[in-house]
Structures are given as structure tokens and as C-alpha cells.
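Visitor: Below you will find the structure I want to go over with you.
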Amino acid sequence: MGFFSNLFGKQTCCLCGAECGPMSRDKIKNKEYVCSDCKKKCSSFIRVSEMDKETVQGHIDFMEKREKIYQQILVNSKAQSYFNMKKDQGIVFYDEHGFLVVIDKKHGVTKLNHEVIRYDEVESYELYTEMNKPTEQGKPETFKEDGVIIKLFGNKNSLSGDSKNKGAHVYPYNTRDIKICLRTSEKQTQYADNVVQHFDFIFGVNDNRSALFSFGMNKQEKRELQAQVDMAKLMGGAIKAAVKGESAEGNDKLMEQMEKTQASTAAAETSGLSAYSAKADAAEQQVG
């Protein structure tokens, strides 16, 4: 009797205390339950069944902070969107801070917090294509859909490997792959290619290439040169200060050059991604 009462009877949500039936709850670790209203506050790409009460609450707090970033900063920022209207899925790039994943037009019904992701939380991204199997032997496969798969740096991910991201920032919760369908017909616009090209630009994938008929430095070479120039200025300023018996902390000009050197060095090491990381950090600090 106890088994069936646990399975079909009402339980209490460990977070809000509401009663929840078998169709409106999720079981988490330690034989506790989370109601559907609390589940709506979570990301679509995590599994609450793998979490305990404290972790679920921490994740909700994290998502609510990201929602503040969306409401207070992103909605007023320049955006570039790619959507598959038939699937109600898409991605919105906010180049100043990160991007938004949209997997359902009924966002207010299914989820309460927007899926806001920093660029430096992306481990990898790739195109995918799915085909329909032929209904008759000898017939060719037909196009089903394509889009982009994004992997994030979670707690179980290694920060080493073949990632395009050289300035990794761990997404604090383990996620499933983020699969965004952007085309269900070959007649539709190839938004998946646009999304990958946008990510390539953010991560400086092609910055070490020189343009055709170009004899100057490429973007990455310019970053590395700037870092070297800034380091030389910093060392020169430090030597002058030492000769005069001045401390670095009391020399405003030297401290300003140190910050500039740190920024240019980070830009060279991350192929320019550090600038986006700094903006994401500033957004998080702004919303508290």
C-alpha cells in the first residue's frame, strides 16, 4: 500500500511546500519532489532528477539572475535573431553580453526564466542534419531537418580538449546538449550556417587568416602585437617608477597601463573572447 501511495498519492514540493499530484511533479534525490511550478523556473537542458534540494534551489536562483539580465539589459540591446517558425525554436545573439536560446513560443506557459547563456560557457557548436529513411527499398533518403547543437562547459566537462573556446567559463550546472532545429524544409533559409558563422566570429575562429591580396597583419597578429607593446610599456613604466622609488599602487598611470596590458594579453590569449567575458561579468554585477 505504501508503494502505491508514494507513486500515485499527493506529495509535498520540497521547495515551496505546495501539494502536487503524480502528473505535476518531478522526483529528485533523497526521495523528495519538486512541483511543476518550481520546475518551470529551471532550464530546459538540466535534469532535476540528478539534483538534490539545495542544488535545485541554487539552479533556480541562478536562472532568476539570468532572467534579470534578460529583462534589465538584453531586451534593450541590439539583437540578431535566427528562427524556425514551424518549430518555434531559434537563437538570439546579443553581441554585447551573450545569446538567448528559444525552444518554445509558449515561453510564459512552459518556462518562467529565459535561457540566457554567456559566450564563454560554450564548449563547442556544430551543424547537424537529420534525414528521413526511405519508405520503399531503393528510394533515396529525404531531408527531415537541420540546425545547430551547442555543448556547454558543465561541472562534468573538462576544460581541455578541442574546444574553440579558449577563455572557458563553467556553466555551473550539468546540461544536456542544446539542440536547436532551424530548418524543416530545404526550401527554408539556411539559418544554421548563419548561426555557426556568428559563433565563429565571436570565437575568432578565422582571425589568424589574412584576407586575399592582403599583405598586412591579420586580427590575431594585431592582438598579439598590441599585447607585446602594452607589456613593454608596462615594464618601462615599472622600471622608471622603481628608479624614482615610487610604489606601483600609488602610481595611477602605471596601474592604468597594467589594466590595459591585462586586457590586451587576455584578448590575444582568447582570440578576442575576453572582451565578451568582461561584458558578461559586468552584466552579472549590474543585476546583483
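So you can find residues: chains in the C-alpha cells are A, B, ... in the order shown, residues in each start at 1, and ligands are numbered from 1 in order.
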Applying 8 Å and only C-alpha atoms, which residues near segment 236-238 of chain A remain after dropping the ones on its own chain fewer than 3 positions away? List them as a list in words.

Guide: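 Surrounding residues, per the criterion: Ala232, Lys233, Ala241, Ala242, Ala248 and Leu254 of chain A.
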
Visitor: Using N, CA and C atoms, can you export the residues from the last selection as an mmCIF file, in the first residue's frame?

Guide:
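Contents of out34.cif, as written:
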```
data_model
loop_
_atom_site.group_PDB
_atom_site.id
_atom_site.type_symbol
_atom_site.label_atom_id
_atom_site.label_comp_id
_atom_site.auth_asym_id
_atom_site.auth_seq_id
_atom_site.Cartn_x
_atom_site.Cartn_y
_atom_site.Cartn_z
ATOM 1 N N ALA A 232 55.566 45.946 -22.965
ATOM 2 C CA ALA A 232 56.806 46.720 -22.987
ATOM 3 C C ALA A 232 56.612 48.075 -22.284
ATOM 4 N N LYS A 233 55.458 48.721 -22.532
ATOM 5 C CA LYS A 233 55.169 49.996 -21.865
ATOM 6 C C LYS A 233 55.048 49.805 -20.356
ATOM 7 N N ALA A 241 59.413 53.889 -12.342
ATOM 8 C CA ALA A 241 58.849 54.083 -11.006
ATOM 9 C C ALA A 241 59.807 53.564 -9.940
ATOM 10 N N ALA A 242 60.447 52.428 -10.235
ATOM 11 C CA ALA A 242 61.385 51.843 -9.278
ATOM 12 C C ALA A 242 62.595 52.752 -9.070
ATOM 13 N N ALA A 248 54.094 50.851 -7.093
ATOM 14 C CA ALA A 248 53.167 50.667 -8.211
ATOM 15 C C ALA A 248 51.748 51.066 -7.821
ATOM 16 N N LEU A 254 50.712 54.021 -13.982
ATOM 17 C CA LEU A 254 51.237 52.655 -14.080
ATOM 18 C C LEU A 254 50.118 51.637 -13.877
#
```

Visitor: At a cut-off of 12 Å, can you tabulate as a tab-separated table every residue of segment 51-139 of chain A near segment 271-274 of chain A together with its closest atom pair and the distance in Å to one decimal, using only C-alpha atoms and ordering rows by chain then number?

Guide:
```
residue	atom	partner	partner_atom	distance
A:Asp95	CA	A:Leu273	CA	11.0
A:Glu96	CA	A:Leu273	CA	11.2
A:His97	CA	A:Leu273	CA	11.1
A:Gly98	CA	A:Leu273	CA	11.0
A:Arg118	CA	A:Leu273	CA	10.7
A:Tyr119	CA	A:Leu273	CA	7.9
A:Asp120	CA	A:Leu273	CA	7.2
A:Glu121	CA	A:Leu273	CA	11.0
A:Val122	CA	A:Leu273	CA	11.2
```

Visitor: Hey, what's within 8 Å of segment 193-197 of chain A if we count only C-alpha atoms and toss same-chain stuff fewer than 3 positions away? As a PyMOL selection string, please?

Guide: chain A and resi 82+125-127+148+190+200-201

Visitor: Residues as selected, C-alpha atoms, written as a compact mmCIF listing (two decimals), in the first residue's frame, can you do that?

Guide:
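The resulting part18.txt:
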```
# COMPACT_ATOMS: atom_id res chain seq x y z
CA TYR A 82 17.51 33.24 -36.32
CA TYR A 125 28.95 24.06 -31.54
CA GLU A 126 28.30 22.13 -34.72
CA LEU A 127 25.83 21.68 -37.53
CA VAL A 148 22.88 23.51 -34.52
CA GLN A 190 19.86 28.02 -44.11
CA ASP A 200 32.98 31.62 -35.48
CA PHE A 201 33.15 35.42 -35.46
```

Visitor: Using only C-alpha atoms, find the one residue out of A:Val92, A:Ala79, A:Leu152, A:Leu15 that sits nearest to Lys41 of chain A.

Guide: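 Selected residue with least distance to Lys41 of chain A: A:Leu15.
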
Visitor: Could you list, as a ChimeraX atom specification, every residue within 10 Å of Gln72 of chain A, counting only C-alpha atoms and ignoring same-chain residues fewer than 4 positions away?

Guide: /A:66-68,76-77,283,286-287

Visitor: So that I can check the secondary structure, give me every residue of segment 39-135 of chain A assigned strand (DSSP E or B) by backbone DSSP, as a VMD selection string.

Guide: chain A and resid 80 to 84 89 to 94 98 to 102 115 to 117 122 to 132

Visitor: Could those selected residues go to a file with C-alpha atoms, as a short mmCIF file (atom, residue, chain, number, x, y, z; two decimals), in the first residue's frame?

Guide:
```cif
data_model
loop_
_atom_site.label_atom_id
_atom_site.label_comp_id
_atom_site.auth_asym_id
_atom_site.auth_seq_id
_atom_site.Cartn_x
_atom_site.Cartn_y
_atom_site.Cartn_z
CA GLN A 80 20.28 39.34 -34.27
CA SER A 81 17.73 36.52 -34.43
CA TYR A 82 17.51 33.24 -36.32
CA PHE A 83 14.21 31.34 -36.01
CA ASN A 84 12.39 28.32 -37.34
CA GLN A 89 12.82 27.37 -31.97
CA GLY A 90 15.68 29.75 -32.51
CA ILE A 91 18.64 31.66 -31.18
CA VAL A 92 19.04 35.38 -30.49
CA PHE A 93 22.55 36.86 -30.38
CA TYR A 94 23.22 39.83 -28.13
CA GLY A 98 25.77 36.56 -24.84
CA PHE A 99 22.86 34.80 -26.52
CA LEU A 100 19.35 33.55 -25.86
CA VAL A 101 18.07 30.08 -26.74
CA VAL A 102 14.35 29.92 -27.54
CA GLU A 115 17.72 30.64 -21.36
CA VAL A 116 20.47 33.29 -21.30
CA ILE A 117 23.96 31.90 -21.99
CA VAL A 122 30.14 27.36 -24.88
CA GLU A 123 32.39 24.33 -25.18
CA SER A 124 31.53 23.54 -28.81
CA TYR A 125 28.95 24.06 -31.54
CA GLU A 126 28.30 22.13 -34.72
CA LEU A 127 25.83 21.68 -37.53
CA TYR A 128 23.55 18.66 -37.59
CA THR A 129 21.33 17.19 -40.30
CA GLU A 130 18.66 14.51 -39.96
CA MET A 131 17.22 12.58 -42.89
CA ASN A 132 14.02 10.57 -43.29
#
```

Visitor: Just the number, please: distance in Å from atom CA of Lys87 of chain A to atom CA of Cys181 of chain A, one decimal.

Guide: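 Those two atoms sit 7.1 Å apart.
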
Visitor: Write out as a list in words the residues lying within 8 Å of Cys38 of chain A, counting only C-alpha atoms and excluding same-chain residues fewer than 4 positions away.

Guide: Leu15, Cys16, Val34 and Cys42 of chain A

Visitor: DSSP on the backbone: which residues in segment 70-264 of chain A end up as helix (DSSP H, G or I)? Give the answer as a count of residues only.

Guide: 63

Visitor: What does the distance from atom CA of Leu234 of chain A to atom CA of Ala268 of chain A come to in Å, to one decimal?

Guide: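 Those two atoms sit 16.5 Å apart.
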
Visitor: What is the atom CA of Gln257 of chain A to atom CA of Ile239 of chain A distance in Å?

Guide: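 Answer for the atom CA of Gln257 of chain A to atom CA of Ile239 of chain A separation: 13.2 Å.
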
Visitor: With only C-alpha atoms as the atoms that count, which of A:Ser210, A:Gln262, A:Leu112, A:Gln57 lies nearest to Val229 of chain A?

Guide: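 Closest to Val229 of chain A, using only C-alpha atoms: A:Gln262.
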
Visitor: Write out as a list in words which residues come within 9 Å of Arg209 of chain A when counting only C-alpha atoms, dropping same-chain ones fewer than 3 positions away.

Guide: Val205, Asn206, Met217, Asn218, Lys219 and Gln220 of chain A

Visitor: Keeping only N, CA and C atoms, write the selected residues to a file as a PDB file, in the first residue's frame.

Guide:
```
ATOM      1  N   VAL A 205      37.520  32.365 -34.829  1.00  0.00           N
ATOM      2  CA  VAL A 205      37.986  31.147 -35.490  1.00  0.00           C
ATOM      3  C   VAL A 205      38.853  31.448 -36.705  1.00  0.00           C
ATOM      4  N   ASN A 206      38.505  32.481 -37.455  1.00  0.00           N
ATOM      5  CA  ASN A 206      39.244  32.799 -38.680  1.00  0.00           C
ATOM      6  C   ASN A 206      40.158  34.014 -38.532  1.00  0.00           C
ATOM      7  N   MET A 217      48.945  42.508 -41.266  1.00  0.00           N
ATOM      8  CA  MET A 217      48.720  41.508 -40.230  1.00  0.00           C
ATOM      9  C   MET A 217      47.235  41.150 -40.151  1.00  0.00           C
ATOM     10  N   ASN A 218      46.972  39.905 -39.777  1.00  0.00           N
ATOM     11  CA  ASN A 218      45.589  39.514 -39.542  1.00  0.00           C
ATOM     12  C   ASN A 218      45.163  39.957 -38.142  1.00  0.00           C
ATOM     13  N   LYS A 219      43.900  39.714 -37.775  1.00  0.00           N
ATOM     14  CA  LYS A 219      43.367  40.186 -36.492  1.00  0.00           C
ATOM     15  C   LYS A 219      44.134  39.630 -35.298  1.00  0.00           C
ATOM     16  N   GLN A 220      44.445  38.340 -35.345  1.00  0.00           N
ATOM     17  CA  GLN A 220      45.122  37.734 -34.210  1.00  0.00           C
ATOM     18  C   GLN A 220      46.548  38.247 -34.069  1.00  0.00           C
TER      19      GLN A 220
END
```

Visitor: Arg176 of chain A: which residues within 8 Å, counting only C-alpha atoms, same-chain residues fewer than 4 positions away excluded, as a PyMOL selection string?

Guide: chain A and resi 45-46+151

Visitor: From the options A:Ile202, A:Met235, A:Cys35, A:Ile73, which residue's atoms come nearest to Gly21 of chain A, counting only C-alpha atoms?

Guide: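 Going through A:Ile202, A:Met235, A:Cys35, A:Ile73 one by one, the smallest distance to Gly21 of chain A is for A:Cys35.
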